[in-house]
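Novice: Here it is, the structure in full.
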Amino acid sequence: MTVVAPRLSVERRLLRDHALVIACDEVGRGALAGPVAVGAAVADAALSRRRVPEGLRDSKLIVESRRASVAARVREWVPASAVGWASAAEVDSVGIIRALGLAAVRAIDGLREGGVEIDDALVILDGNHDYITPIAPIGRGVMPIVKADRDCASASAASVIAKVARDELMVSLHDDHPAYRWAQNKGYASAEHRAAISAHGLSIHHRASWSIAAAPTLF
């Protein structure tokens, strides 16, 4: 498989008309346990002239042993970044799409609290569906871009930042619920995870509204 290195071409084009671009990408959508997380990474004119950090890819294409170091480089590279969360209970309460919107708005609020002028920003969102605007209008609007996490360096940055943060959270939850092996599967539907659910039932971190027993193995 040919691995595509993300570039800043889209961001440079958008920055001609917008002071800032904020890239958002989600992780944890398909997990059986744990929150969903949305990473947000800022791109400005200065960033558009910098070299993309070595090894930056869509987080799914970076081997686990290297993700933390790549994420650390990326957090230093972008002007600002944040991660927003929506809990498993919120996924059960409002559904996965609205939960993703809540997490994205919280990530962008985190940027605002850090001093980012959100009103001047255009948001690019990985995928083909804008789940942010129904929660709250943001800045200059939201532009979904299919494969943004693969092609746009700022979206790749948001992806790996969110992935590392969520993985660290799931590892931290493992000791209280070791039967589910979240340190290994990060809440996704591995065979061992599903077997533990069958043996021990659901924890408070599982998405109880999902048809977990019938879920395919995703990890």
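In the structure tokens, the first chain shown is A, the next is B, and so on; residue numbers restart at 1 for each chain, and ligands run from 1 in the order shown.
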Would you mind listing what lies within 7 Å of A:Leu8 as a list in words, with only C-alpha atoms counted and same-chain residues fewer than 2 positions away left out?
Specialist: Val10, Glu11, Arg12, Ser48, Cys152 and Ala153 of chain A
Novice: Name the residues in contact with stretch 197-203 of chain A at a cut-off of 12 Å, using only C-alpha atoms, excluding same-chain residues fewer than 2 positions from it; report them as a PyMOL selection string.
Specialist: chain A and resi 32-34+88-89+173-174+176-182+187-195+205-215
Novice: Go ahead and save the picked residues with N, CA and C atoms, as a compact mmCIF listing (two decimals), in the first residue's frame.
Specialist:
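Writing done, so here's again21.txt:
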```
# COMPACT_ATOMS: atom_id res chain seq x y z
N LEU A 32 -16.41 0.13 21.56
CA LEU A 32 -17.50 -0.32 22.41
C LEU A 32 -17.47 0.33 23.78
N ALA A 33 -16.30 0.81 24.18
CA ALA A 33 -16.13 1.40 25.51
C ALA A 33 -15.28 2.64 25.40
N GLY A 34 -15.48 3.53 26.36
CA GLY A 34 -14.70 4.76 26.41
C GLY A 34 -15.35 5.89 25.65
N ALA A 88 -19.08 7.91 27.16
CA ALA A 88 -19.94 6.80 26.73
C ALA A 88 -21.39 7.06 27.11
N ALA A 89 -21.61 7.64 28.29
CA ALA A 89 -22.97 7.96 28.72
C ALA A 89 -23.62 8.97 27.78
N LEU A 173 -7.63 3.56 32.36
CA LEU A 173 -8.82 2.90 32.89
C LEU A 173 -8.63 1.39 33.05
N HIS A 174 -7.58 0.86 32.47
CA HIS A 174 -7.38 -0.59 32.45
C HIS A 174 -7.27 -1.18 33.86
N ASP A 176 -8.53 -0.47 36.66
CA ASP A 176 -9.80 -0.63 37.38
C ASP A 176 -10.71 -1.67 36.74
N HIS A 177 -10.44 -2.02 35.49
CA HIS A 177 -11.29 -2.97 34.76
C HIS A 177 -10.40 -3.89 33.90
N PRO A 178 -9.48 -4.63 34.53
CA PRO A 178 -8.48 -5.37 33.75
C PRO A 178 -9.06 -6.47 32.86
N ALA A 179 -10.23 -6.99 33.20
CA ALA A 179 -10.78 -8.10 32.42
C ALA A 179 -11.01 -7.72 30.96
N TYR A 180 -11.28 -6.44 30.71
CA TYR A 180 -11.61 -6.02 29.35
C TYR A 180 -10.38 -5.75 28.49
N ARG A 181 -9.21 -5.70 29.09
CA ARG A 181 -7.93 -5.55 28.37
C ARG A 181 -7.88 -4.26 27.54
N TRP A 182 -8.34 -3.18 28.14
CA TRP A 182 -8.34 -1.90 27.42
C TRP A 182 -6.94 -1.38 27.13
N GLY A 187 -10.60 -0.22 23.99
CA GLY A 187 -12.05 -0.14 23.98
C GLY A 187 -12.71 -0.63 22.72
N TYR A 188 -11.92 -1.02 21.73
CA TYR A 188 -12.49 -1.53 20.48
C TYR A 188 -12.87 -3.01 20.63
N ALA A 189 -13.54 -3.53 19.62
CA ALA A 189 -14.19 -4.85 19.74
C ALA A 189 -13.24 -5.99 19.38
N SER A 190 -12.18 -6.16 20.14
CA SER A 190 -11.34 -7.34 19.97
C SER A 190 -12.10 -8.57 20.46
N ALA A 191 -11.64 -9.74 20.06
CA ALA A 191 -12.28 -10.98 20.51
C ALA A 191 -12.22 -11.10 22.03
N GLU A 192 -11.08 -10.72 22.63
CA GLU A 192 -10.93 -10.81 24.08
C GLU A 192 -11.88 -9.84 24.79
N HIS A 193 -12.04 -8.67 24.21
CA HIS A 193 -12.93 -7.69 24.81
C HIS A 193 -14.37 -8.20 24.80
N ARG A 194 -14.81 -8.73 23.69
CA ARG A 194 -16.17 -9.23 23.61
C ARG A 194 -16.38 -10.44 24.52
N ALA A 195 -15.34 -11.27 24.64
CA ALA A 195 -15.45 -12.42 25.54
C ALA A 195 -15.59 -11.95 26.99
N HIS A 205 -18.17 2.28 31.63
CA HIS A 205 -17.53 2.94 30.49
C HIS A 205 -17.98 2.37 29.14
N HIS A 206 -18.82 1.35 29.16
CA HIS A 206 -19.32 0.79 27.91
C HIS A 206 -20.51 1.60 27.38
N ARG A 207 -20.69 1.55 26.07
CA ARG A 207 -21.81 2.21 25.42
C ARG A 207 -23.00 1.25 25.44
N ALA A 208 -23.77 1.35 26.49
CA ALA A 208 -24.81 0.36 26.77
C ALA A 208 -25.91 0.35 25.73
N SER A 209 -26.09 1.43 25.00
CA SER A 209 -27.15 1.50 24.01
C SER A 209 -26.79 0.75 22.72
N TRP A 210 -25.53 0.36 22.58
CA TRP A 210 -25.09 -0.31 21.35
C TRP A 210 -25.40 -1.81 21.43
N SER A 211 -25.55 -2.42 20.28
CA SER A 211 -25.76 -3.88 20.23
C SER A 211 -24.39 -4.56 20.32
N ILE A 212 -23.83 -4.49 21.51
CA ILE A 212 -22.43 -4.90 21.70
C ILE A 212 -22.24 -6.38 21.44
N ALA A 213 -23.18 -7.20 21.85
CA ALA A 213 -23.01 -8.65 21.70
C ALA A 213 -22.82 -9.04 20.25
N ALA A 214 -23.43 -8.28 19.34
CA ALA A 214 -23.38 -8.63 17.93
C ALA A 214 -22.32 -7.83 17.17
N ALA A 215 -21.54 -7.01 17.89
CA ALA A 215 -20.60 -6.13 17.22
C ALA A 215 -19.47 -6.93 16.56
```
Novice: DSSP on the backbone: what in chain A comes out strand (DSSP E), as a ChimeraX atom specification?
Specialist: /A:20-27,36-43,81-86,121-126,142-145
Novice: With distances taken over only C-alpha atoms, which of A:Asp126, A:Glu64, A:Glu26, A:Glu54 is nearest to A:Arg150?
Specialist: A:Asp126
Novice: Quote the spacing between atom CA of A:Leu56 and atom CA of A:Leu102 in Å to one decimal place.
Specialist: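 Rounded to one decimal, the two atoms are 26.4 Å apart.
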Novice: Select from stretch 21-203 of chain A everything DSSP, run on the backbone, classes as alpha helix (DSSP H), then give the selection as a count of residues only.
Specialist: 83
Novice: Identify, on the basis of only C-alpha atoms, every residue whose closest approach to stretch 90-101 of chain A does not exceed 10 Å; exclude the query and any residue fewer than 5 positions from it along the same chain; express the result as a PDB file with N, CA, C and O atoms, in the first residue's frame.
Specialist:
```
ATOM      1  N   ASP A  25     -10.501  16.165  13.739  1.00  0.00           N
ATOM      2  CA  ASP A  25     -10.659  14.751  13.393  1.00  0.00           C
ATOM      3  C   ASP A  25     -11.017  13.975  14.650  1.00  0.00           C
ATOM      4  O   ASP A  25     -10.610  14.335  15.750  1.00  0.00           O
ATOM      5  N   GLU A  26     -11.780  12.924  14.469  1.00  0.00           N
ATOM      6  CA  GLU A  26     -12.330  12.140  15.571  1.00  0.00           C
ATOM      7  C   GLU A  26     -11.557  10.842  15.767  1.00  0.00           C
ATOM      8  O   GLU A  26     -10.954  10.307  14.829  1.00  0.00           O
ATOM      9  N   VAL A  27     -11.614  10.319  16.978  1.00  0.00           N
ATOM     10  CA  VAL A  27     -11.158   8.963  17.264  1.00  0.00           C
ATOM     11  C   VAL A  27     -12.140   8.328  18.238  1.00  0.00           C
ATOM     12  O   VAL A  27     -12.779   9.023  19.031  1.00  0.00           O
ATOM     13  N   GLY A  28     -12.272   7.020  18.163  1.00  0.00           N
ATOM     14  CA  GLY A  28     -13.130   6.295  19.092  1.00  0.00           C
ATOM     15  C   GLY A  28     -14.558   6.135  18.647  1.00  0.00           C
ATOM     16  O   GLY A  28     -15.380   5.601  19.404  1.00  0.00           O
ATOM     17  N   ARG A  29     -14.891   6.531  17.427  1.00  0.00           N
ATOM     18  CA  ARG A  29     -16.281   6.418  16.967  1.00  0.00           C
ATOM     19  C   ARG A  29     -16.766   4.971  17.039  1.00  0.00           C
ATOM     20  O   ARG A  29     -17.888   4.708  17.475  1.00  0.00           O
ATOM     21  N   GLY A  30     -15.952   4.013  16.637  1.00  0.00           N
ATOM     22  CA  GLY A  30     -16.399   2.632  16.556  1.00  0.00           C
ATOM     23  C   GLY A  30     -16.110   1.793  17.787  1.00  0.00           C
ATOM     24  O   GLY A  30     -16.355   0.585  17.770  1.00  0.00           O
ATOM     25  N   GLY A  34     -15.475   3.533  26.361  1.00  0.00           N
ATOM     26  CA  GLY A  34     -14.702   4.758  26.414  1.00  0.00           C
ATOM     27  C   GLY A  34     -15.352   5.886  25.645  1.00  0.00           C
ATOM     28  O   GLY A  34     -16.336   5.699  24.925  1.00  0.00           O
ATOM     29  N   PRO A  35     -14.810   7.079  25.806  1.00  0.00           N
ATOM     30  CA  PRO A  35     -15.379   8.249  25.152  1.00  0.00           C
ATOM     31  C   PRO A  35     -15.000   8.319  23.683  1.00  0.00           C
ATOM     32  O   PRO A  35     -14.102   7.604  23.219  1.00  0.00           O
ATOM     33  N   VAL A  36     -15.692   9.192  22.963  1.00  0.00           N
ATOM     34  CA  VAL A  36     -15.188   9.639  21.678  1.00  0.00           C
ATOM     35  C   VAL A  36     -14.369  10.894  21.930  1.00  0.00           C
ATOM     36  O   VAL A  36     -14.629  11.643  22.882  1.00  0.00           O
ATOM     37  N   ALA A  37     -13.373  11.113  21.109  1.00  0.00           N
ATOM     38  CA  ALA A  37     -12.521  12.287  21.238  1.00  0.00           C
ATOM     39  C   ALA A  37     -12.381  12.939  19.867  1.00  0.00           C
ATOM     40  O   ALA A  37     -12.338  12.255  18.843  1.00  0.00           O
ATOM     41  N   VAL A  38     -12.314  14.253  19.863  1.00  0.00           N
ATOM     42  CA  VAL A  38     -12.059  15.011  18.639  1.00  0.00           C
ATOM     43  C   VAL A  38     -10.857  15.906  18.888  1.00  0.00           C
ATOM     44  O   VAL A  38     -10.832  16.676  19.857  1.00  0.00           O
ATOM     45  N   GLY A  84     -11.270  17.473  22.588  1.00  0.00           N
ATOM     46  CA  GLY A  84     -12.571  17.508  23.244  1.00  0.00           C
ATOM     47  C   GLY A  84     -13.129  16.099  23.381  1.00  0.00           C
ATOM     48  O   GLY A  84     -12.818  15.217  22.568  1.00  0.00           O
ATOM     49  N   TRP A  85     -13.966  15.889  24.386  1.00  0.00           N
ATOM     50  CA  TRP A  85     -14.436  14.557  24.740  1.00  0.00           C
ATOM     51  C   TRP A  85     -15.960  14.523  24.857  1.00  0.00           C
ATOM     52  O   TRP A  85     -16.580  15.508  25.245  1.00  0.00           O
ATOM     53  N   ARG A 106     -16.300  21.156  22.124  1.00  0.00           N
ATOM     54  CA  ARG A 106     -15.481  21.263  23.334  1.00  0.00           C
ATOM     55  C   ARG A 106     -14.011  21.437  23.000  1.00  0.00           C
ATOM     56  O   ARG A 106     -13.294  22.180  23.685  1.00  0.00           O
ATOM     57  N   ALA A 107     -13.534  20.752  21.958  1.00  0.00           N
ATOM     58  CA  ALA A 107     -12.144  20.939  21.537  1.00  0.00           C
ATOM     59  C   ALA A 107     -11.914  22.371  21.072  1.00  0.00           C
ATOM     60  O   ALA A 107     -10.919  23.014  21.435  1.00  0.00           O
ATOM     61  N   HIS A 129     -19.456  14.706   6.433  1.00  0.00           N
ATOM     62  CA  HIS A 129     -20.630  15.163   7.164  1.00  0.00           C
ATOM     63  C   HIS A 129     -20.234  16.163   8.240  1.00  0.00           C
ATOM     64  O   HIS A 129     -19.332  15.905   9.044  1.00  0.00           O
ATOM     65  N   ASP A 130     -20.893  17.308   8.237  1.00  0.00           N
ATOM     66  CA  ASP A 130     -20.656  18.338   9.247  1.00  0.00           C
ATOM     67  C   ASP A 130     -21.512  18.043  10.481  1.00  0.00           C
ATOM     68  O   ASP A 130     -22.702  18.336  10.507  1.00  0.00           O
ATOM     69  N   TYR A 131     -20.894  17.466  11.503  1.00  0.00           N
ATOM     70  CA  TYR A 131     -21.619  17.203  12.743  1.00  0.00           C
ATOM     71  C   TYR A 131     -21.387  18.298  13.786  1.00  0.00           C
ATOM     72  O   TYR A 131     -21.881  18.206  14.904  1.00  0.00           O
ATOM     73  N   ILE A 132     -20.642  19.349  13.402  1.00  0.00           N
ATOM     74  CA  ILE A 132     -20.324  20.414  14.351  1.00  0.00           C
ATOM     75  C   ILE A 132     -21.381  21.512  14.350  1.00  0.00           C
ATOM     76  O   ILE A 132     -21.876  21.923  15.408  1.00  0.00           O
ATOM     77  N   THR A 133     -21.748  21.997  13.172  1.00  0.00           N
ATOM     78  CA  THR A 133     -22.669  23.134  13.074  1.00  0.00           C
ATOM     79  C   THR A 133     -24.004  22.902  13.759  1.00  0.00           C
ATOM     80  O   THR A 133     -24.550  23.838  14.370  1.00  0.00           O
ATOM     81  N   PRO A 134     -24.599  21.683  13.714  1.00  0.00           N
ATOM     82  CA  PRO A 134     -25.851  21.491  14.447  1.00  0.00           C
ATOM     83  C   PRO A 134     -25.722  21.684  15.957  1.00  0.00           C
ATOM     84  O   PRO A 134     -26.725  21.944  16.628  1.00  0.00           O
ATOM     85  N   ILE A 135     -24.502  21.560  16.488  1.00  0.00           N
ATOM     86  CA  ILE A 135     -24.290  21.800  17.915  1.00  0.00           C
ATOM     87  C   ILE A 135     -24.097  23.287  18.170  1.00  0.00           C
ATOM     88  O   ILE A 135     -24.691  23.861  19.092  1.00  0.00           O
ATOM     89  N   ALA A 136     -23.263  23.927  17.364  1.00  0.00           N
ATOM     90  CA  ALA A 136     -22.996  25.360  17.539  1.00  0.00           C
ATOM     91  C   ALA A 136     -22.324  25.898  16.284  1.00  0.00           C
ATOM     92  O   ALA A 136     -21.421  25.242  15.748  1.00  0.00           O
ATOM     93  N   HIS A 206     -18.823   1.351  29.160  1.00  0.00           N
ATOM     94  CA  HIS A 206     -19.324   0.790  27.908  1.00  0.00           C
ATOM     95  C   HIS A 206     -20.507   1.598  27.378  1.00  0.00           C
ATOM     96  O   HIS A 206     -21.231   2.237  28.150  1.00  0.00           O
ATOM     97  N   ARG A 207     -20.685   1.546  26.069  1.00  0.00           N
ATOM     98  CA  ARG A 207     -21.814   2.208  25.425  1.00  0.00           C
ATOM     99  C   ARG A 207     -22.998   1.247  25.443  1.00  0.00           C
ATOM    100  O   ARG A 207     -23.192   0.437  24.543  1.00  0.00           O
ATOM    101  N   ALA A 208     -23.772   1.351  26.489  1.00  0.00           N
ATOM    102  CA  ALA A 208     -24.807   0.360  26.773  1.00  0.00           C
ATOM    103  C   ALA A 208     -25.912   0.348  25.730  1.00  0.00           C
ATOM    104  O   ALA A 208     -26.624  -0.648  25.589  1.00  0.00           O
ATOM    105  N   SER A 209     -26.087   1.431  25.003  1.00  0.00           N
ATOM    106  CA  SER A 209     -27.153   1.495  24.006  1.00  0.00           C
ATOM    107  C   SER A 209     -26.792   0.749  22.722  1.00  0.00           C
ATOM    108  O   SER A 209     -27.655   0.534  21.874  1.00  0.00           O
ATOM    109  N   TRP A 210     -25.529   0.356  22.578  1.00  0.00           N
ATOM    110  CA  TRP A 210     -25.093  -0.309  21.352  1.00  0.00           C
ATOM    111  C   TRP A 210     -25.395  -1.805  21.428  1.00  0.00           C
ATOM    112  O   TRP A 210     -25.460  -2.390  22.506  1.00  0.00           O
TER     113      TRP A 210
END
```
Novice: Mind checking which residues fall within 7 Å of stretch 158-168 of chain A, counting only C-alpha atoms, ignoring those fewer than 2 positions away in the same chain, and posting them as a ChimeraX atom specification?
Specialist: /A:23-27,37-41,58-59,67-68,71,83,149,154-156,170-172,186
Novice: From the list A:Leu15, A:Ala86, A:Val123, A:Ala148, which residue is nearest A:Asp44 when using only C-alpha atoms?
Specialist: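 The shortest atom-to-atom distance to A:Asp44 comes from A:Leu15.
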Novice: Need the shell around A:Trp77: protein/DNA/RNA residues with any atom at most 10 Å away, counting only C-alpha atoms. Skip same-chain ones fewer than 2 positions apart. Format as a list in words?
Specialist: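 My list of contacting residues is Ala41, Val42, Ala43, Leu47, Arg50, Arg51, Val52, Pro53, Ala71, Ala72, Arg73, Val74, Arg75, Pro79, Ala80, Ser81, Ser154 and Ala157 of chain A.
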Novice: Could you dump the residues just selected with N, CA, C and O atoms as a PDB file, in the first residue's frame?
Specialist:
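After the write, out11.pdb holds the following:
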```pdb
ATOM      1  N   ALA A  41      -6.565  21.142  15.647  1.00  0.00           N
ATOM      2  CA  ALA A  41      -5.235  21.703  15.457  1.00  0.00           C
ATOM      3  C   ALA A  41      -5.337  22.955  14.599  1.00  0.00           C
ATOM      4  O   ALA A  41      -6.037  22.966  13.586  1.00  0.00           O
ATOM      5  N   VAL A  42      -4.641  24.004  14.987  1.00  0.00           N
ATOM      6  CA  VAL A  42      -4.703  25.294  14.315  1.00  0.00           C
ATOM      7  C   VAL A  42      -3.603  25.392  13.263  1.00  0.00           C
ATOM      8  O   VAL A  42      -2.454  25.002  13.499  1.00  0.00           O
ATOM      9  N   ALA A  43      -3.969  25.923  12.109  1.00  0.00           N
ATOM     10  CA  ALA A  43      -2.998  26.272  11.077  1.00  0.00           C
ATOM     11  C   ALA A  43      -3.127  27.762  10.775  1.00  0.00           C
ATOM     12  O   ALA A  43      -4.237  28.264  10.589  1.00  0.00           O
ATOM     13  N   LEU A  47       2.521  28.692  10.048  1.00  0.00           N
ATOM     14  CA  LEU A  47       2.600  27.227   9.949  1.00  0.00           C
ATOM     15  C   LEU A  47       2.664  26.784   8.499  1.00  0.00           C
ATOM     16  O   LEU A  47       3.368  25.824   8.164  1.00  0.00           O
ATOM     17  N   ARG A  50       6.064  26.202   7.233  1.00  0.00           N
ATOM     18  CA  ARG A  50       6.960  25.284   7.934  1.00  0.00           C
ATOM     19  C   ARG A  50       6.960  23.907   7.286  1.00  0.00           C
ATOM     20  O   ARG A  50       5.994  23.508   6.630  1.00  0.00           O
ATOM     21  N   ARG A  51       8.010  23.189   7.536  1.00  0.00           N
ATOM     22  CA  ARG A  51       8.111  21.807   7.055  1.00  0.00           C
ATOM     23  C   ARG A  51       7.205  20.914   7.896  1.00  0.00           C
ATOM     24  O   ARG A  51       7.150  21.042   9.123  1.00  0.00           O
ATOM     25  N   VAL A  52       6.492  20.014   7.244  1.00  0.00           N
ATOM     26  CA  VAL A  52       5.640  19.064   7.961  1.00  0.00           C
ATOM     27  C   VAL A  52       6.529  18.131   8.778  1.00  0.00           C
ATOM     28  O   VAL A  52       7.538  17.620   8.271  1.00  0.00           O
ATOM     29  N   PRO A  53       6.209  17.895  10.040  1.00  0.00           N
ATOM     30  CA  PRO A  53       7.058  17.036  10.877  1.00  0.00           C
ATOM     31  C   PRO A  53       7.257  15.646  10.277  1.00  0.00           C
ATOM     32  O   PRO A  53       6.324  15.064   9.711  1.00  0.00           O
ATOM     33  N   ALA A  71       3.170  12.636  18.077  1.00  0.00           N
ATOM     34  CA  ALA A  71       2.224  13.589  18.659  1.00  0.00           C
ATOM     35  C   ALA A  71       2.955  14.704  19.401  1.00  0.00           C
ATOM     36  O   ALA A  71       2.545  15.875  19.342  1.00  0.00           O
ATOM     37  N   ALA A  72       4.025  14.370  20.100  1.00  0.00           N
ATOM     38  CA  ALA A  72       4.782  15.387  20.824  1.00  0.00           C
ATOM     39  C   ALA A  72       5.382  16.412  19.863  1.00  0.00           C
ATOM     40  O   ALA A  72       5.340  17.626  20.121  1.00  0.00           O
ATOM     41  N   ARG A  73       5.940  15.927  18.734  1.00  0.00           N
ATOM     42  CA  ARG A  73       6.496  16.848  17.739  1.00  0.00           C
ATOM     43  C   ARG A  73       5.403  17.723  17.135  1.00  0.00           C
ATOM     44  O   ARG A  73       5.592  18.922  16.902  1.00  0.00           O
ATOM     45  N   VAL A  74       4.253  17.117  16.895  1.00  0.00           N
ATOM     46  CA  VAL A  74       3.152  17.838  16.264  1.00  0.00           C
ATOM     47  C   VAL A  74       2.614  18.924  17.189  1.00  0.00           C
ATOM     48  O   VAL A  74       2.298  20.039  16.739  1.00  0.00           O
ATOM     49  N   ARG A  75       2.492  18.631  18.483  1.00  0.00           N
ATOM     50  CA  ARG A  75       1.993  19.645  19.421  1.00  0.00           C
ATOM     51  C   ARG A  75       2.919  20.857  19.469  1.00  0.00           C
ATOM     52  O   ARG A  75       2.461  21.987  19.682  1.00  0.00           O
ATOM     53  N   PRO A  79       0.432  25.999  16.089  1.00  0.00           N
ATOM     54  CA  PRO A  79       0.309  27.113  17.032  1.00  0.00           C
ATOM     55  C   PRO A  79      -0.504  26.770  18.277  1.00  0.00           C
ATOM     56  O   PRO A  79      -0.243  27.304  19.356  1.00  0.00           O
ATOM     57  N   ALA A  80      -1.523  25.905  18.117  1.00  0.00           N
ATOM     58  CA  ALA A  80      -2.363  25.518  19.249  1.00  0.00           C
ATOM     59  C   ALA A  80      -3.098  24.235  18.898  1.00  0.00           C
ATOM     60  O   ALA A  80      -3.361  23.954  17.719  1.00  0.00           O
ATOM     61  N   SER A  81      -3.420  23.479  19.921  1.00  0.00           N
ATOM     62  CA  SER A  81      -4.195  22.247  19.720  1.00  0.00           C
ATOM     63  C   SER A  81      -4.994  21.965  20.979  1.00  0.00           C
ATOM     64  O   SER A  81      -4.696  22.484  22.056  1.00  0.00           O
ATOM     65  N   SER A 154      -2.653  19.507   8.783  1.00  0.00           N
ATOM     66  CA  SER A 154      -3.272  19.955  10.037  1.00  0.00           C
ATOM     67  C   SER A 154      -4.278  18.935  10.547  1.00  0.00           C
ATOM     68  O   SER A 154      -4.391  18.721  11.764  1.00  0.00           O
ATOM     69  N   ALA A 157      -2.441  16.120  12.042  1.00  0.00           N
ATOM     70  CA  ALA A 157      -1.999  16.534  13.378  1.00  0.00           C
ATOM     71  C   ALA A 157      -3.117  16.358  14.395  1.00  0.00           C
ATOM     72  O   ALA A 157      -2.907  15.808  15.490  1.00  0.00           O
TER      73      ALA A 157
END
```
Novice: Tell me, as a list in words, which residues lie within 8 Å of A:Gly139, counting only C-alpha atoms; anything in the same chain fewer than 2 positions away does not count.
Specialist: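 Residues near the query, excluding close chain neighbours: Ile118, Asp119, Asp120, Ala121, Leu122, Val123, Pro137 and Gly141 of chain A.
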